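As stored in structure-v7.cif (mmCIF, C-alpha atoms and all ligand atoms):
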```cif
data_input
loop_
_atom_site.group_PDB
_atom_site.id
_atom_site.type_symbol
_atom_site.label_atom_id
_atom_site.label_comp_id
_atom_site.auth_asym_id
_atom_site.auth_seq_id
_atom_site.Cartn_x
_atom_site.Cartn_y
_atom_site.Cartn_z
ATOM 1 C CA MET H 33 -7.531 2.099 -48.365
ATOM 2 C CA PRO H 34 -8.004 -0.632 -51.021
ATOM 3 C CA ARG H 35 -8.773 -4.123 -49.740
ATOM 4 C CA SER H 36 -5.599 -5.659 -51.114
ATOM 5 C CA LYS H 37 -3.511 -3.124 -49.257
ATOM 6 C CA ILE H 38 -5.297 -3.873 -45.996
ATOM 7 C CA CYS H 39 -4.688 -7.597 -46.531
ATOM 8 C CA ARG H 40 -1.016 -6.971 -47.116
ATOM 9 C CA LEU H 41 -0.889 -4.905 -43.900
ATOM 10 C CA LEU H 42 -2.506 -7.696 -41.907
ATOM 11 C CA VAL H 43 0.062 -10.145 -43.212
ATOM 12 C CA LEU H 44 2.820 -7.764 -42.195
ATOM 13 C CA LEU H 45 1.398 -7.079 -38.753
ATOM 14 C CA PRO H 46 2.990 -9.981 -36.818
ATOM 15 C CA ALA H 47 6.385 -9.004 -38.232
ATOM 16 C CA LEU H 48 5.832 -5.432 -37.107
ATOM 17 C CA LEU H 49 4.792 -6.530 -33.622
ATOM 18 C CA THR H 50 7.748 -8.838 -32.964
ATOM 19 C CA PRO H 51 10.238 -6.121 -31.983
ATOM 20 C CA ILE H 52 7.773 -4.825 -29.377
ATOM 21 C CA ALA H 53 7.450 -8.290 -27.861
ATOM 22 C CA LEU H 54 11.241 -8.587 -27.713
ATOM 23 C CA ALA H 55 11.437 -5.259 -25.891
ATOM 24 C CA ALA H 56 9.265 -6.574 -23.013
ATOM 25 C CA PRO H 57 10.485 -5.104 -19.734
ATOM 26 C CA THR H 58 12.454 -7.171 -17.230
ATOM 27 C CA PRO H 59 10.844 -7.815 -13.808
ATOM 28 C CA ILE H 60 12.902 -4.945 -12.339
ATOM 29 C CA GLU H 61 11.832 -2.548 -15.100
ATOM 30 C CA SER H 62 8.182 -3.535 -14.950
ATOM 31 C CA ARG H 63 7.907 -3.102 -11.176
ATOM 32 C CA GLN H 64 9.690 0.268 -11.401
ATOM 33 C CA LEU H 65 7.215 1.373 -14.094
ATOM 34 C CA LEU H 66 4.324 0.470 -11.802
ATOM 35 C CA PHE H 67 5.947 2.353 -8.893
ATOM 36 C CA GLN H 68 6.223 5.356 -11.228
ATOM 37 C CA ASP H 69 2.461 5.090 -11.772
ATOM 38 C CA PHE H 70 2.035 5.158 -7.980
ATOM 39 C CA LYS H 71 4.151 8.294 -7.829
ATOM 40 C CA HIS H 72 2.142 10.146 -10.490
ATOM 41 C CA ASP H 73 -1.238 9.296 -8.967
ATOM 42 C CA ILE H 74 -0.034 10.159 -5.457
ATOM 43 C CA ALA H 75 1.276 13.533 -6.672
ATOM 44 C CA ALA H 76 -2.074 14.320 -8.304
ATOM 45 C CA ILE H 77 -3.988 13.212 -5.192
ATOM 46 C CA LYS H 78 -1.781 15.375 -2.994
ATOM 47 C CA ARG H 79 -2.611 18.442 -5.122
ATOM 48 C CA ILE H 80 -6.334 17.667 -4.923
ATOM 49 C CA VAL H 81 -6.491 17.126 -1.143
ATOM 50 C CA ASN H 82 -4.352 20.188 -0.443
ATOM 51 C CA ALA H 83 -6.574 22.391 -2.601
ATOM 52 C CA ASN H 84 -9.148 22.027 0.202
ATOM 53 C CA THR H 85 -12.169 22.077 -2.091
ATOM 54 C CA THR H 86 -14.505 19.337 -3.272
ATOM 55 C CA ALA H 87 -14.410 20.734 -6.811
ATOM 56 C CA HIS H 88 -12.057 18.009 -8.029
ATOM 57 C CA GLN H 89 -13.791 14.997 -6.549
ATOM 58 C CA ALA H 90 -14.154 13.314 -9.934
ATOM 59 C CA ASP H 91 -10.396 13.618 -10.492
ATOM 60 C CA LEU H 92 -9.687 12.305 -7.017
ATOM 61 C CA LEU H 93 -11.863 9.291 -7.671
ATOM 62 C CA ARG H 94 -10.095 8.639 -10.980
ATOM 63 C CA HIS H 95 -6.632 8.765 -9.377
ATOM 64 C CA ALA H 96 -7.729 6.675 -6.370
ATOM 65 C CA ARG H 97 -9.055 4.036 -8.762
ATOM 66 C CA ALA H 98 -5.824 4.130 -10.769
ATOM 67 C CA LEU H 99 -3.842 3.685 -7.545
ATOM 68 C CA ALA H 100 -5.922 0.652 -6.574
ATOM 69 C CA PHE H 101 -5.573 -0.764 -10.088
ATOM 70 C CA THR H 102 -1.775 -0.346 -10.083
ATOM 71 C CA SER H 103 -1.643 -1.862 -6.620
ATOM 72 C CA ALA H 104 -3.510 -4.934 -7.844
ATOM 73 C CA ARG H 105 -1.274 -5.274 -10.901
ATOM 74 C CA LEU H 106 1.879 -4.978 -8.830
ATOM 75 C CA TRP H 107 1.073 -7.117 -5.816
ATOM 76 C CA GLU H 108 -1.145 -9.791 -7.357
ATOM 77 C CA HIS H 109 1.795 -10.821 -9.532
ATOM 78 C CA LEU H 110 4.355 -10.679 -6.771
ATOM 79 C CA ALA H 111 6.493 -13.622 -7.874
ATOM 80 C CA GLU H 112 6.618 -12.166 -11.390
ATOM 81 C CA HIS H 113 7.665 -8.691 -10.234
ATOM 82 C CA PHE H 114 9.971 -9.739 -7.383
ATOM 83 C CA PRO H 115 11.600 -13.007 -8.504
ATOM 84 C CA THR H 116 14.396 -14.382 -6.314
ATOM 85 C CA GLY H 117 17.706 -12.733 -7.167
ATOM 86 C CA SER H 118 16.145 -9.514 -8.448
ATOM 87 C CA ASP H 119 17.769 -7.498 -5.685
ATOM 88 C CA GLN H 120 20.790 -7.629 -8.005
ATOM 89 C CA GLY H 121 21.128 -5.214 -10.924
ATOM 90 C CA ASP H 122 19.776 -1.729 -11.552
ATOM 91 C CA THR H 123 17.394 -1.790 -8.606
ATOM 92 C CA LYS H 124 16.833 -0.293 -5.192
ATOM 93 C CA ALA H 125 14.932 -3.315 -3.903
ATOM 94 C CA GLY H 126 16.419 -4.407 -0.582
ATOM 95 C CA ALA H 127 17.564 -8.002 0.041
ATOM 96 C CA GLN H 128 15.325 -7.784 3.117
ATOM 97 C CA ILE H 129 12.316 -8.485 0.824
ATOM 98 C CA TRP H 130 13.498 -12.071 0.344
ATOM 99 C CA ARG H 131 14.879 -12.435 3.864
ATOM 100 C CA ASP H 132 11.660 -11.330 5.526
ATOM 101 C CA PRO H 133 8.838 -12.183 3.084
ATOM 102 C CA VAL H 134 6.218 -12.173 5.859
ATOM 103 C CA GLY H 135 7.089 -8.591 6.836
ATOM 104 C CA PHE H 136 7.073 -7.575 3.165
ATOM 105 C CA LEU H 137 3.601 -9.106 2.717
ATOM 106 C CA LYS H 138 2.405 -7.169 5.779
ATOM 107 C CA ALA H 139 3.777 -3.942 4.293
ATOM 108 C CA ILE H 140 1.917 -4.740 1.065
ATOM 109 C CA ASP H 141 -1.257 -5.407 2.997
ATOM 110 C CA ARG H 142 -0.957 -2.061 4.751
ATOM 111 C CA GLU H 143 -0.709 -0.227 1.418
ATOM 112 C CA ARG H 144 -3.608 -2.188 -0.062
ATOM 113 C CA SER H 145 -5.912 -1.482 2.912
ATOM 114 C CA ALA H 146 -4.963 2.208 2.896
ATOM 115 C CA THR H 147 -5.601 2.423 -0.846
ATOM 116 C CA ALA H 148 -8.980 0.695 -0.479
ATOM 117 C CA ALA H 149 -9.937 3.146 2.299
ATOM 118 C CA LEU H 150 -8.903 6.103 0.133
ATOM 119 C CA LEU H 151 -11.073 4.775 -2.672
ATOM 120 C CA ILE H 152 -14.055 4.725 -0.299
ATOM 121 C CA ALA H 153 -13.287 8.219 1.048
ATOM 122 C CA ALA H 154 -12.996 9.537 -2.515
ATOM 123 C CA GLN H 155 -16.641 8.641 -3.053
ATOM 124 C CA SER H 156 -17.645 11.189 -0.419
ATOM 125 C CA VAL H 157 -17.235 14.963 -0.425
ATOM 126 C CA ASP H 158 -15.536 14.906 2.986
ATOM 127 C CA VAL H 159 -12.223 16.671 2.422
ATOM 128 C CA VAL H 160 -11.030 15.840 5.953
ATOM 129 C CA ALA H 161 -11.578 12.128 5.276
ATOM 130 C CA TRP H 162 -9.799 12.517 1.929
ATOM 131 C CA ARG H 163 -6.759 14.028 3.612
ATOM 132 C CA ARG H 164 -6.697 11.480 6.433
ATOM 133 C CA SER H 165 -6.853 8.506 4.090
ATOM 134 C CA TYR H 166 -4.323 10.054 1.720
ATOM 135 C CA GLY H 167 -1.951 10.368 4.730
ATOM 136 C CA LYS H 168 -2.416 6.676 5.541
ATOM 137 C CA VAL H 169 -1.485 5.707 1.993
ATOM 138 C CA THR H 170 1.714 7.776 2.025
ATOM 139 C CA ASP H 171 2.570 6.370 5.490
ATOM 140 C CA ALA H 172 2.262 2.891 3.984
ATOM 141 C CA CYS H 173 4.554 3.864 1.056
ATOM 142 C CA LYS H 174 7.149 5.264 3.476
ATOM 143 C CA HIS H 175 6.916 2.325 5.859
ATOM 144 C CA CYS H 176 7.758 -0.144 3.105
ATOM 145 C CA HIS H 177 10.518 2.033 1.649
ATOM 146 C CA GLN H 178 12.170 2.345 5.066
ATOM 147 C CA HIS H 179 12.354 -1.411 5.507
ATOM 148 C CA TYR H 180 12.520 -2.902 2.018
ATOM 149 C CA LYS H 181 14.059 -0.306 -0.286
ATOM 150 C CA ARG H 182 17.699 0.739 -0.391
HETATM 151 C C1 LIG X 1 5.489 -3.206 0.121
HETATM 152 C C2 LIG X 1 6.549 -2.309 -0.266
HETATM 153 C C3 LIG X 1 6.304 -1.038 -0.995
HETATM 154 C C4 LIG X 1 5.206 -0.223 -0.946
HETATM 155 C C5 LIG X 1 3.927 -0.395 -0.166
HETATM 156 C C6 LIG X 1 5.498 0.892 -1.821
HETATM 157 N N1 LIG X 1 6.737 0.766 -2.374
HETATM 158 FE FE1 LIG X 1 7.630 2.066 -3.632
HETATM 159 N N2 LIG X 1 9.189 0.797 -3.865
HETATM 160 C C7 LIG X 1 9.363 -0.375 -3.171
HETATM 161 C C8 LIG X 1 10.581 -1.030 -3.602
HETATM 162 C C9 LIG X 1 11.120 -2.364 -3.101
HETATM 163 C C10 LIG X 1 11.147 -0.194 -4.586
HETATM 164 C C11 LIG X 1 12.443 -0.425 -5.375
HETATM 165 C C12 LIG X 1 12.090 -1.050 -6.742
HETATM 166 C C13 LIG X 1 13.317 -1.316 -7.598
HETATM 167 O O1 LIG X 1 14.185 -0.415 -7.721
HETATM 168 O O2 LIG X 1 13.413 -2.425 -8.155
HETATM 169 C C14 LIG X 1 10.253 0.956 -4.721
HETATM 170 C C15 LIG X 1 10.450 1.995 -5.594
HETATM 171 C C16 LIG X 1 9.622 3.084 -5.728
HETATM 172 C C17 LIG X 1 9.852 4.193 -6.627
HETATM 173 C C18 LIG X 1 11.046 4.332 -7.591
HETATM 174 C C19 LIG X 1 10.700 3.637 -8.910
HETATM 175 C C20 LIG X 1 11.808 3.743 -9.933
HETATM 176 O O3 LIG X 1 11.540 4.261 -11.043
HETATM 177 O O4 LIG X 1 12.936 3.312 -9.660
HETATM 178 C C21 LIG X 1 8.821 5.084 -6.444
HETATM 179 C C22 LIG X 1 8.615 6.405 -7.183
HETATM 180 C C23 LIG X 1 7.934 4.504 -5.450
HETATM 181 N N3 LIG X 1 8.451 3.291 -5.040
HETATM 182 C C24 LIG X 1 6.769 5.098 -5.029
HETATM 183 C C25 LIG X 1 5.869 4.493 -4.143
HETATM 184 C C26 LIG X 1 4.620 5.102 -3.721
HETATM 185 C C27 LIG X 1 4.118 6.463 -4.135
HETATM 186 C C28 LIG X 1 4.028 4.200 -2.893
HETATM 187 C C29 LIG X 1 2.712 4.298 -2.183
HETATM 188 C C30 LIG X 1 1.542 4.518 -2.956
HETATM 189 C C31 LIG X 1 4.908 3.044 -2.795
HETATM 190 N N4 LIG X 1 6.018 3.263 -3.564
HETATM 191 C C32 LIG X 1 4.628 1.927 -2.041
HETATM 192 C C33 LIG X 1 8.512 -0.897 -2.222
HETATM 193 C C34 LIG X 1 7.273 -0.399 -1.894
#
```
Mind turning this structure into structure tokens?
Amino acid sequence: MPRSKICRLLVLLPALLTPIALAAPTPIESRQLLFQDFKHDIAAIKRIVNANTTAHQADLLRHARALAFTSARLWEHLAEHFPTGSDQGDTKAGAQIWRDPVGFLKAIDRERSATAALLIAAQSVDVVAWRRSYGKVTDACKHCHQHYKR
């Protein structure tokens, strides 16, 4: 590509990027996107632990890391993802989140500890430990959904 054309492109770039910035997700949309990430990694991990072989350890480790990464993104920006009033709208978040923030934080903590333990287990080739720690993560998902999701 000739230099002048590249220069023209660079000048145009901010204009091209603006519509993307305007389409930034709302807090409800962004937290739901992160929960979708949880779902995809959990589904992949389930397949790996149920296969009952250590052949896919590298994949397990990748998904366990992704789970921990999503968890950090979601919960470390709690106020951003769960602002007051965001139980209204196209959401299944329960009002209980804002009524019982301490309980919600405990439910978060449970998921984070379970995810951290899974990440450690995924570094071994102990399929029994994989399955046990996977079960603790899904228990933590269910526990929070029972109390804080409609
Ligand atoms: C501390 C509470 C909590 C934990 C832990 C939790 N969730 Fe959720 N989850 C929620 C809430 C609240 C919603 C509703 C979000 C909304 O609709 O705004 C939700 C929604 C979802 C959704 C629907 C997203 C959508 O597109 O509407 C999926 C899928 C999901 N969670 C999967 C998981 C999985 C898998 C785990 C475990 C790895 C998990 N969640 C752990 C609270 C939690």
Produce the centre coordinates and the three edge lengths, each in Å to one decimal, of the box along x, y and z that contains all listed atoms of ligand LIG 1 (chain X) with 8 Å added on each side, as AutoDock Vina command-line options.
```
--center_x 7.9 --center_y 1.6 --center_z -5.5 --size_x 28.6 --size_y 25.7 --size_z 27.2
```
Give me, as JSON lines, the closest atom pair and its distance (Å, one decimal) for every residue of chain H within a cut-off of 7 Å of ligand LIG 1 (chain X), counting only C-alpha atoms and all ligand atoms, rows sorted by chain and rising number.
```
{"residue": "H:Ile60", "atom": "CA", "partner": "X:LIG1", "partner_atom": "O2", "distance": 4.9}
{"residue": "H:Arg63", "atom": "CA", "partner": "X:LIG1", "partner_atom": "O2", "distance": 6.3}
{"residue": "H:Gln64", "atom": "CA", "partner": "X:LIG1", "partner_atom": "C19", "distance": 4.3}
{"residue": "H:Leu65", "atom": "CA", "partner": "X:LIG1", "partner_atom": "O3", "distance": 6.0}
{"residue": "H:Phe67", "atom": "CA", "partner": "X:LIG1", "partner_atom": "C23", "distance": 4.5}
{"residue": "H:Gln68", "atom": "CA", "partner": "X:LIG1", "partner_atom": "C22", "distance": 4.8}
{"residue": "H:Phe70", "atom": "CA", "partner": "X:LIG1", "partner_atom": "C27", "distance": 4.6}
{"residue": "H:Lys71", "atom": "CA", "partner": "X:LIG1", "partner_atom": "C27", "distance": 4.1}
{"residue": "H:Ile74", "atom": "CA", "partner": "X:LIG1", "partner_atom": "C27", "distance": 5.7}
{"residue": "H:Asp122", "atom": "CA", "partner": "X:LIG1", "partner_atom": "O1", "distance": 6.9}
{"residue": "H:Thr123", "atom": "CA", "partner": "X:LIG1", "partner_atom": "O1", "distance": 3.6}
{"residue": "H:Lys124", "atom": "CA", "partner": "X:LIG1", "partner_atom": "O1", "distance": 3.7}
{"residue": "H:Ala125", "atom": "CA", "partner": "X:LIG1", "partner_atom": "C9", "distance": 4.0}
{"residue": "H:Gly126", "atom": "CA", "partner": "X:LIG1", "partner_atom": "C9", "distance": 6.2}
{"residue": "H:Phe136", "atom": "CA", "partner": "X:LIG1", "partner_atom": "C1", "distance": 5.6}
{"residue": "H:Leu137", "atom": "CA", "partner": "X:LIG1", "partner_atom": "C1", "distance": 6.7}
{"residue": "H:Ala139", "atom": "CA", "partner": "X:LIG1", "partner_atom": "C1", "distance": 4.6}
{"residue": "H:Ile140", "atom": "CA", "partner": "X:LIG1", "partner_atom": "C1", "distance": 4.0}
{"residue": "H:Glu143", "atom": "CA", "partner": "X:LIG1", "partner_atom": "C5", "distance": 4.9}
{"residue": "H:Val169", "atom": "CA", "partner": "X:LIG1", "partner_atom": "C30", "distance": 5.9}
{"residue": "H:Thr170", "atom": "CA", "partner": "X:LIG1", "partner_atom": "C29", "distance": 5.5}
{"residue": "H:Ala172", "atom": "CA", "partner": "X:LIG1", "partner_atom": "C5", "distance": 5.5}
{"residue": "H:Cys173", "atom": "CA", "partner": "X:LIG1", "partner_atom": "C32", "distance": 3.7}
{"residue": "H:Lys174", "atom": "CA", "partner": "X:LIG1", "partner_atom": "C32", "distance": 6.9}
{"residue": "H:Cys176", "atom": "CA", "partner": "X:LIG1", "partner_atom": "C2", "distance": 4.2}
{"residue": "H:His177", "atom": "CA", "partner": "X:LIG1", "partner_atom": "C33", "distance": 5.3}
{"residue": "H:Tyr180", "atom": "CA", "partner": "X:LIG1", "partner_atom": "C9", "distance": 5.3}
{"residue": "H:Lys181", "atom": "CA", "partner": "X:LIG1", "partner_atom": "C9", "distance": 4.6}
```
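Atom pair atom CA of H:His72 / atom CA of H:Leu92: separated by 12.5 Å.
Distance check against H:His95 using only C-alpha atoms: of H:Asp158, H:Asp119, H:Asp132, H:Asp69, the minimum falls on H:Asp69.
If you count only C-alpha atoms and draw a sphere of 7 Å around (-7.8, 21.3, 4.8), the protein and nucleic acid residues inside it come out as H:Asn82, H:Asn84, H:Val159, H:Val160.
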Write out the residues from the selection above, keeping C-alpha atoms, as a PDB file, in the frame of the given file.
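Saved the output as out_25.pdb:
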```pdb
ATOM      1  CA  ASN H  82      -4.352  20.188  -0.443  1.00  0.00           C
ATOM      2  CA  ASN H  84      -9.148  22.027   0.202  1.00  0.00           C
ATOM      3  CA  VAL H 159     -12.223  16.671   2.422  1.00  0.00           C
ATOM      4  CA  VAL H 160     -11.030  15.840   5.953  1.00  0.00           C
TER       5      VAL H 160
END
```
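Residues in contact with stretch 97-105 of chain H at 8 Å, where all atoms listed in the file are counted and same-chain residues fewer than 3 positions away are skipped, are listed as Leu66, Asp69, Phe70, Asp73, Ile74, Leu93, Arg94, Glu108, His109, Arg144, Thr147, Ala148 and Leu151 of chain H.
Every residue that the PyMOL selection byres (((chain H and resi 117) around 12) and not hetatm) selects in this file is listed here: Pro59, Ile60, Ala111, Glu112, His113, Phe114, Pro115, Thr116, Ser118, Asp119, Gln120, Gly121, Thr123, Ala125, Gly126, Ala127, Gln128, Ile129, Trp130 and Arg131 of chain H.
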Work out how far apart atom CA of H:Thr58 and atom CA of H:Asp171 are and give it in Å to one decimal. 28.2 Å
Point-to-point distance in Å for atom CA of H:Leu110 and atom CA of H:Ser145: 16.8 Å
If we count only C-alpha atoms and set the cut-off at 10 Å, which residues sit around H:Ala149, ignoring sequence neighbours fewer than 6 positions away in its own chain? Please answer as a list of chain:residue names. H:Ala96, H:Glu143, H:Ala161, H:Trp162, H:Arg164, H:Ser165, H:Tyr166, H:Lys168, H:Val169
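In this comparison, which uses all atoms listed in the file, the residue of H:Ile152, H:Ala75, H:Lys138, H:His179 approaching H:Trp107 most closely is H:Lys138.
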Tell me which of H:Arg163, H:Glu61, H:Pro133, H:Leu106 sits closest to H:Ala83, counting only C-alpha atoms. H:Arg163
With N, CA and C atoms as the target, complete stretch 139-151 of chain H and hand it back as an mmCIF file, in the coordinates of the input.
```cif
data_model
loop_
_atom_site.group_PDB
_atom_site.id
_atom_site.type_symbol
_atom_site.label_atom_id
_atom_site.label_comp_id
_atom_site.auth_asym_id
_atom_site.auth_seq_id
_atom_site.Cartn_x
_atom_site.Cartn_y
_atom_site.Cartn_z
ATOM 1 N N ALA H 139 3.624 -5.313 4.806
ATOM 2 C CA ALA H 139 3.777 -3.942 4.293
ATOM 3 C C ALA H 139 2.898 -3.739 3.050
ATOM 4 N N ILE H 140 2.779 -4.787 2.245
ATOM 5 C CA ILE H 140 1.917 -4.740 1.065
ATOM 6 C C ILE H 140 0.461 -4.593 1.504
ATOM 7 N N ASP H 141 0.107 -5.409 2.501
ATOM 8 C CA ASP H 141 -1.257 -5.407 2.997
ATOM 9 C C ASP H 141 -1.652 -4.018 3.527
ATOM 10 N N ARG H 142 -0.709 -3.391 4.202
ATOM 11 C CA ARG H 142 -0.957 -2.061 4.751
ATOM 12 C C ARG H 142 -1.260 -1.061 3.628
ATOM 13 N N GLU H 143 -0.488 -1.136 2.556
ATOM 14 C CA GLU H 143 -0.709 -0.227 1.418
ATOM 15 C C GLU H 143 -2.047 -0.538 0.736
ATOM 16 N N ARG H 144 -2.362 -1.819 0.610
ATOM 17 C CA ARG H 144 -3.608 -2.188 -0.062
ATOM 18 C C ARG H 144 -4.823 -1.730 0.748
ATOM 19 N N SER H 145 -4.778 -1.905 2.079
ATOM 20 C CA SER H 145 -5.912 -1.482 2.912
ATOM 21 C C SER H 145 -6.061 0.038 2.850
ATOM 22 N N ALA H 146 -4.917 0.742 2.923
ATOM 23 C CA ALA H 146 -4.963 2.208 2.896
ATOM 24 C C ALA H 146 -5.517 2.695 1.553
ATOM 25 N N THR H 147 -5.131 2.032 0.486
ATOM 26 C CA THR H 147 -5.601 2.423 -0.846
ATOM 27 C C THR H 147 -7.102 2.154 -0.984
ATOM 28 N N ALA H 148 -7.551 1.027 -0.426
ATOM 29 C CA ALA H 148 -8.980 0.695 -0.479
ATOM 30 C C ALA H 148 -9.785 1.729 0.314
ATOM 31 N N ALA H 149 -9.238 2.157 1.474
ATOM 32 C CA ALA H 149 -9.937 3.146 2.299
ATOM 33 C C ALA H 149 -9.986 4.504 1.585
ATOM 34 N N LEU H 150 -8.922 4.841 0.879
ATOM 35 C CA LEU H 150 -8.903 6.103 0.133
ATOM 36 C C LEU H 150 -9.964 6.079 -0.977
ATOM 37 N N LEU H 151 -10.089 4.919 -1.602
ATOM 38 C CA LEU H 151 -11.073 4.775 -2.672
ATOM 39 C C LEU H 151 -12.499 4.989 -2.134
#
```
